[in-house]
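Trainee: Sharing a structure below in structure tokens format, with a few things to ask.
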Amino acid sequence: MADGEAGTRVGAAEREDLETLKELVDELYRFRDHYFETHGVEDAGKKQSDVAREMERTLSTLQEKEGSYRHRAQFLLLKGRTLSVVPEFSPVAEELLSRAVKLEPGLVEAWNCLGEQYWRKGELAGAKTCFTGALQHSKNKVSLRSLSMVLRQLPGSAEERAARVLESVNTAKQAVQLDIADGTSWYILGNAYISLFFTAGQNPQISQQALSAYAQAEKVDSTASSNPDLHFNRATLYQYEEMFGAALAGFSRAAALDPSWPEPPQRERQLLDYLERLTTLTSNKGKVRGRRLRSMLSSLSLAALGPCAEARFCSPSGRAGSLEPRDLAGLAAGRNTGVAALGKVVFSLASSDHMAFTFGLVDSEETCWPVMVYNSAESWGVLIGDSVAIPEPQVKLHSLTHKDQTIEFRSIRVDSPLLLIVNGKRQGAACQTAASVTYRPQSD
């Protein structure tokens with residue numbers, strides 16, 4: 001046998017051996033990503049330990065080949081990928097992947113895995129360098145969607161962060177375009193849209209694009225419905241949009257899929273507690289009753305409309321002209337153009353990280369509705385007894401059932417305190433601040 005032929009056969013055997021090992025590592029990731037196709041939700045608490053056990057088995061097989069391939073970039077990548085299957089940062093994986101890209105700078109998958117390790121230990125600039133470097137070798141969906149995630153977390157001024165969020169949306173779109181059947185890319189696009197929604201004026205169209213991207217992720221990928229992060233992040237948007245039933249269901253589903261993650265059940269309890277307190281205070285008119293309530297309402301006059309009564313007033317819908325005061329019972333669901341709700345404050349619930357500043361408004365007929373005010377500064381609020389006029393109020397009807405508990409009420413949504421007239425006066429610019437969103441970006 002000629003020496004050249006022998007060398008070719010050795011090379012072919014090595015490639016076949018490495019391909020077999022790659023299939024083994026791919027199977028490890030399939031076990032993790034498709035866990036709930038072979039296990040029930042009741043096994044969710046065991047998923048991390050089951051994946052860790054499978055990782056150790058895979059590592060054991062790889063270590064048997066260590067002597068033959070320890071200086072091969074492909075082998076280093078496979079071992080680094082194996083250690084990366086769990087969410088924690090691995091210094092060993094970082095070392096292996098760093099060696100892999102030095103041996104073979106064009107190994108895109110190694111750059112992507114290395115960037116993920118940098119990200120896990122908080123070195124966002126290093127992660128960005130890895131993903132952009134990988135894209136210089138090959139335009140691929142993994143680098144694009146990973147870059148989209150990192151861009152949204154890099155520090156900087158408000159203007160810089162806003163520009164990077166827009167860039168992250170475009171990057172996520174490119175990942176989707178490369179493979180429209182990839183659920184992970186659709187999911188990350190949904191997260192990018194949520195960030196854009198909160199940094200670009202809270203345009204309802206962008207909110208709908210986020211929800212559509214999440215729905216598409218579930219449509220094209222059977223594993224997306226088992227992604228706790230998708231349910232949690234979508235529930236966060238549902239809550240802001242006052243789709244409270246869907247938000248509670250989303251937080252509950254996320255908690256079931258990842259019992260070790262404390263935030264979903266906490267957010268579920270917070271929202272349910274908020275709704276219970278809200279409906280109780282509303283039905284009790286904030287415990288302001290009888291003579292005290294009548295005395296309070298006796299001081300309610302048209303003067304409380306303030307600028308709303310002026311012919312030159314410009315309403316939220318862009319309509320010019322004075323607004324007609326209307327009792328709460330006379331308001332229809334949706335935007336009520338040409339009118340203003342007028343009443344007295346009888347209770348308030350301070351805003352938290354996830355709730356609107358909420359107060360109870362009682363009109364001259366002693367009807368009480370809650371008013372939810374978004375994007376308010378922490379220092380802003382209204383006091384019991386204040387007169388409040390709400391130009392062109394947006395009325396929401398709520399009816400939901402969650403875990404055998406039914407909640408029904410009507411409310412008024414106000415997107416900014418700047419839209420309110422309190423004691424006949426407009427509110428100053430300092431009373432407003434942009435709302436933020438909380439989601440788990442590490443597993444975008």
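How things are named: the first chain in the structure tokens is A, the next is B, and so on; residues count from 1 in each chain; ligands count from 1 in the order shown.
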If you count only C-alpha atoms, which residues fall within 9 Å of Arg253 of chain A, apart from same-chain ones fewer than 6 positions away, as a ChimeraX atom specification?
Mentor: /A:226,228,231-232,264
Trainee: Need to verify the contact set: segment 53-64 of chain A, 8 Å, only C-alpha atoms, exclusion of same-chain residues closer than 6 positions in sequence. Can you return it as a PDB file with C-alpha atoms, in the first residue's frame?
Mentor:
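Listing of part-v8.pdb after writing:
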```
ATOM      1  CA  LEU A  21     -18.550  12.153  18.376  1.00  0.00           C
ATOM      2  CA  LEU A  24     -23.142  12.194  20.259  1.00  0.00           C
ATOM      3  CA  VAL A  25     -22.885  15.869  21.301  1.00  0.00           C
ATOM      4  CA  LEU A  28     -27.029  15.671  24.106  1.00  0.00           C
ATOM      5  CA  LYS A  79     -15.756  19.109  24.376  1.00  0.00           C
ATOM      6  CA  THR A  82     -20.600  19.547  25.805  1.00  0.00           C
ATOM      7  CA  LEU A  83     -19.642  21.651  28.816  1.00  0.00           C
ATOM      8  CA  VAL A  85     -25.030  22.466  27.502  1.00  0.00           C
TER       9      VAL A  85
END
```
Trainee: Per DSSP on the backbone, filter segment 380-440 of chain A down to the residues in strand (DSSP E) and report them as a VMD selection string.
Mentor: chain A and resid 387 to 391 394 to 402 405 to 414 421 to 422 425 to 426
Trainee: Could you give me, as a Markdown table, every segment 260-318 of chain A residue with an atom at most 9 Å from segment 333-343 of chain A, plus its closest atom pair and distance in Å to one decimal, counting only C-alpha atoms, rows ordered by chain then number?
Mentor:
```
| residue | atom | partner | partner_atom | distance |
| --- | --- | --- | --- | --- |
| A:Leu297 | CA | A:Gly343 | CA | 7.8 |
| A:Leu300 | CA | A:Gly343 | CA | 7.0 |
| A:Ser301 | CA | A:Leu342 | CA | 8.9 |
| A:Leu302 | CA | A:Leu342 | CA | 8.4 |
| A:Ala304 | CA | A:Leu342 | CA | 7.7 |
| A:Leu305 | CA | A:Leu342 | CA | 7.3 |
| A:Cys308 | CA | A:Ala340 | CA | 7.7 |
| A:Ser315 | CA | A:Gly338 | CA | 8.0 |
| A:Pro316 | CA | A:Thr337 | CA | 8.7 |
| A:Ser317 | CA | A:Thr337 | CA | 7.2 |
```
Trainee: Which residue is closest to Pro307 of chain A? Choose from A:Leu331, A:Leu230, A:Leu420, A:Leu383 and count only C-alpha atoms.
Mentor: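 Among the listed residues, A:Leu420 lies closest to Pro307 of chain A.
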Trainee: Just asking: which residues within segment 99-263 of chain A are helix (DSSP H, G or I) according to DSSP, as a PyMOL selection string?
Mentor: chain A and resi 99-103+108-120+124-137+141-151+158-178+183-199+204-220+224-226+228-240+244-257+263
Trainee: Deliver the residues from the most recent selection as a file, using C-alpha atoms, as a tab-separated table (two decimals), in the first residue's frame.
Mentor:
```
chain	number	residue	atom	x	y	z
A	99	ARG	CA	-7.69	26.91	21.88
A	100	ALA	CA	-10.05	25.73	19.14
A	101	VAL	CA	-10.32	29.15	17.47
A	102	LYS	CA	-6.55	29.67	17.69
A	103	LEU	CA	-5.98	26.36	15.92
A	108	VAL	CA	-17.56	29.59	13.32
A	109	GLU	CA	-19.29	27.25	15.76
A	110	ALA	CA	-16.36	27.55	18.17
A	111	TRP	CA	-16.55	31.36	18.02
A	112	ASN	CA	-20.27	31.19	18.80
A	113	CYS	CA	-19.76	28.87	21.77
A	114	LEU	CA	-16.89	30.97	23.06
A	115	GLY	CA	-19.02	34.12	22.79
A	116	GLU	CA	-21.70	32.40	24.85
A	117	GLN	CA	-19.17	31.60	27.57
A	118	TYR	CA	-17.95	35.22	27.65
A	119	TRP	CA	-21.58	36.33	27.90
A	120	ARG	CA	-22.27	33.98	30.79
A	124	LEU	CA	-20.34	41.45	26.98
A	125	ALA	CA	-17.72	43.24	24.88
A	126	GLY	CA	-15.80	39.98	24.49
A	127	ALA	CA	-18.98	38.14	23.55
A	128	LYS	CA	-19.80	40.78	20.93
A	129	THR	CA	-16.31	40.43	19.46
A	130	CYS	CA	-16.76	36.67	19.14
A	131	PHE	CA	-20.14	36.92	17.39
A	132	THR	CA	-19.09	39.70	15.01
A	133	GLY	CA	-15.88	37.80	14.31
A	134	ALA	CA	-17.84	34.65	13.46
A	135	LEU	CA	-20.01	36.66	11.06
A	136	GLN	CA	-16.89	37.81	9.21
A	137	HIS	CA	-16.20	34.17	8.39
A	141	LYS	CA	-28.28	32.54	12.28
A	142	VAL	CA	-26.62	31.59	15.58
A	143	SER	CA	-24.14	34.48	15.47
A	144	LEU	CA	-26.84	36.91	14.34
A	145	ARG	CA	-29.33	36.07	17.06
A	146	SER	CA	-26.61	35.95	19.73
A	147	LEU	CA	-25.38	39.36	18.60
A	148	SER	CA	-28.96	40.63	18.79
A	149	MET	CA	-29.12	39.60	22.46
A	150	VAL	CA	-25.76	41.10	23.39
A	151	LEU	CA	-26.49	44.43	21.67
A	158	ALA	CA	-29.91	56.37	26.48
A	159	GLU	CA	-29.29	57.33	22.86
A	160	GLU	CA	-26.66	54.62	22.40
A	161	ARG	CA	-28.89	51.96	23.95
A	162	ALA	CA	-31.85	53.01	21.78
A	163	ALA	CA	-29.70	52.76	18.65
A	164	ARG	CA	-28.42	49.32	19.67
A	165	VAL	CA	-31.96	48.06	20.33
A	166	LEU	CA	-32.93	49.05	16.80
A	167	GLU	CA	-29.79	47.32	15.50
A	168	SER	CA	-30.67	44.22	17.54
A	169	VAL	CA	-34.10	44.05	15.87
A	170	ASN	CA	-32.53	44.23	12.42
A	171	THR	CA	-29.96	41.59	13.37
A	172	ALA	CA	-32.66	39.25	14.69
A	173	LYS	CA	-34.63	39.77	11.48
A	174	GLN	CA	-31.60	38.66	9.47
A	175	ALA	CA	-31.39	35.49	11.56
A	176	VAL	CA	-35.05	34.73	10.83
A	177	GLN	CA	-34.55	35.36	7.12
A	178	LEU	CA	-31.75	32.80	7.03
A	183	GLY	CA	-38.20	28.84	16.41
A	184	THR	CA	-35.30	30.18	18.48
A	185	SER	CA	-34.67	32.97	15.98
A	186	TRP	CA	-38.35	33.94	16.02
A	187	TYR	CA	-38.33	33.94	19.82
A	188	ILE	CA	-35.29	36.21	19.97
A	189	LEU	CA	-36.92	38.54	17.44
A	190	GLY	CA	-39.91	38.72	19.80
A	191	ASN	CA	-37.64	39.77	22.66
A	192	ALA	CA	-35.99	42.38	20.45
A	193	TYR	CA	-39.40	43.81	19.59
A	194	ILE	CA	-40.29	44.03	23.30
A	195	SER	CA	-37.13	46.05	23.94
A	196	LEU	CA	-37.94	48.29	20.97
A	197	PHE	CA	-41.49	48.75	22.26
A	198	PHE	CA	-40.25	50.17	25.54
A	199	THR	CA	-37.50	52.33	24.04
A	204	PRO	CA	-48.91	49.28	19.75
A	205	GLN	CA	-47.82	48.00	16.34
A	206	ILE	CA	-44.43	46.99	17.77
A	207	SER	CA	-46.14	45.21	20.67
A	208	GLN	CA	-48.18	43.23	18.15
A	209	GLN	CA	-45.03	42.37	16.20
A	210	ALA	CA	-43.51	40.94	19.39
A	211	LEU	CA	-46.57	38.79	20.06
A	212	SER	CA	-46.64	37.65	16.43
A	213	ALA	CA	-42.98	36.62	16.60
A	214	TYR	CA	-43.61	34.55	19.73
A	215	ALA	CA	-46.62	32.91	18.07
A	216	GLN	CA	-44.52	32.09	15.01
A	217	ALA	CA	-41.84	30.55	17.24
A	218	GLU	CA	-44.43	28.18	18.69
A	219	LYS	CA	-45.85	27.44	15.24
A	220	VAL	CA	-42.59	26.38	13.61
A	224	ALA	CA	-40.92	26.62	21.84
A	225	SER	CA	-44.01	25.90	23.91
A	226	SER	CA	-41.72	24.31	26.50
A	228	PRO	CA	-40.13	29.02	30.14
A	229	ASP	CA	-38.44	32.23	29.02
A	230	LEU	CA	-40.85	32.65	26.12
A	231	HIS	CA	-43.86	32.33	28.44
A	232	PHE	CA	-42.33	34.69	31.01
A	233	ASN	CA	-41.28	37.39	28.56
A	234	ARG	CA	-44.59	37.28	26.71
A	235	ALA	CA	-46.47	37.43	30.03
A	236	THR	CA	-44.50	40.58	30.90
A	237	LEU	CA	-45.82	42.23	27.74
A	238	TYR	CA	-49.33	40.86	28.35
A	239	GLN	CA	-49.32	42.45	31.80
A	240	TYR	CA	-48.30	45.84	30.44
A	244	PHE	CA	-54.11	40.07	32.86
A	245	GLY	CA	-55.55	36.59	32.36
A	246	ALA	CA	-52.98	35.77	29.68
A	247	ALA	CA	-50.21	37.25	31.85
A	248	LEU	CA	-51.12	35.10	34.86
A	249	ALA	CA	-51.30	32.00	32.67
A	250	GLY	CA	-47.89	32.80	31.17
A	251	PHE	CA	-46.19	33.32	34.53
A	252	SER	CA	-47.78	30.12	35.81
A	253	ARG	CA	-46.60	28.14	32.78
A	254	ALA	CA	-43.05	29.49	33.09
A	255	ALA	CA	-43.00	28.50	36.77
A	256	ALA	CA	-44.14	24.97	35.94
A	257	LEU	CA	-41.51	24.54	33.22
A	263	GLU	CA	-39.29	35.05	39.45
```
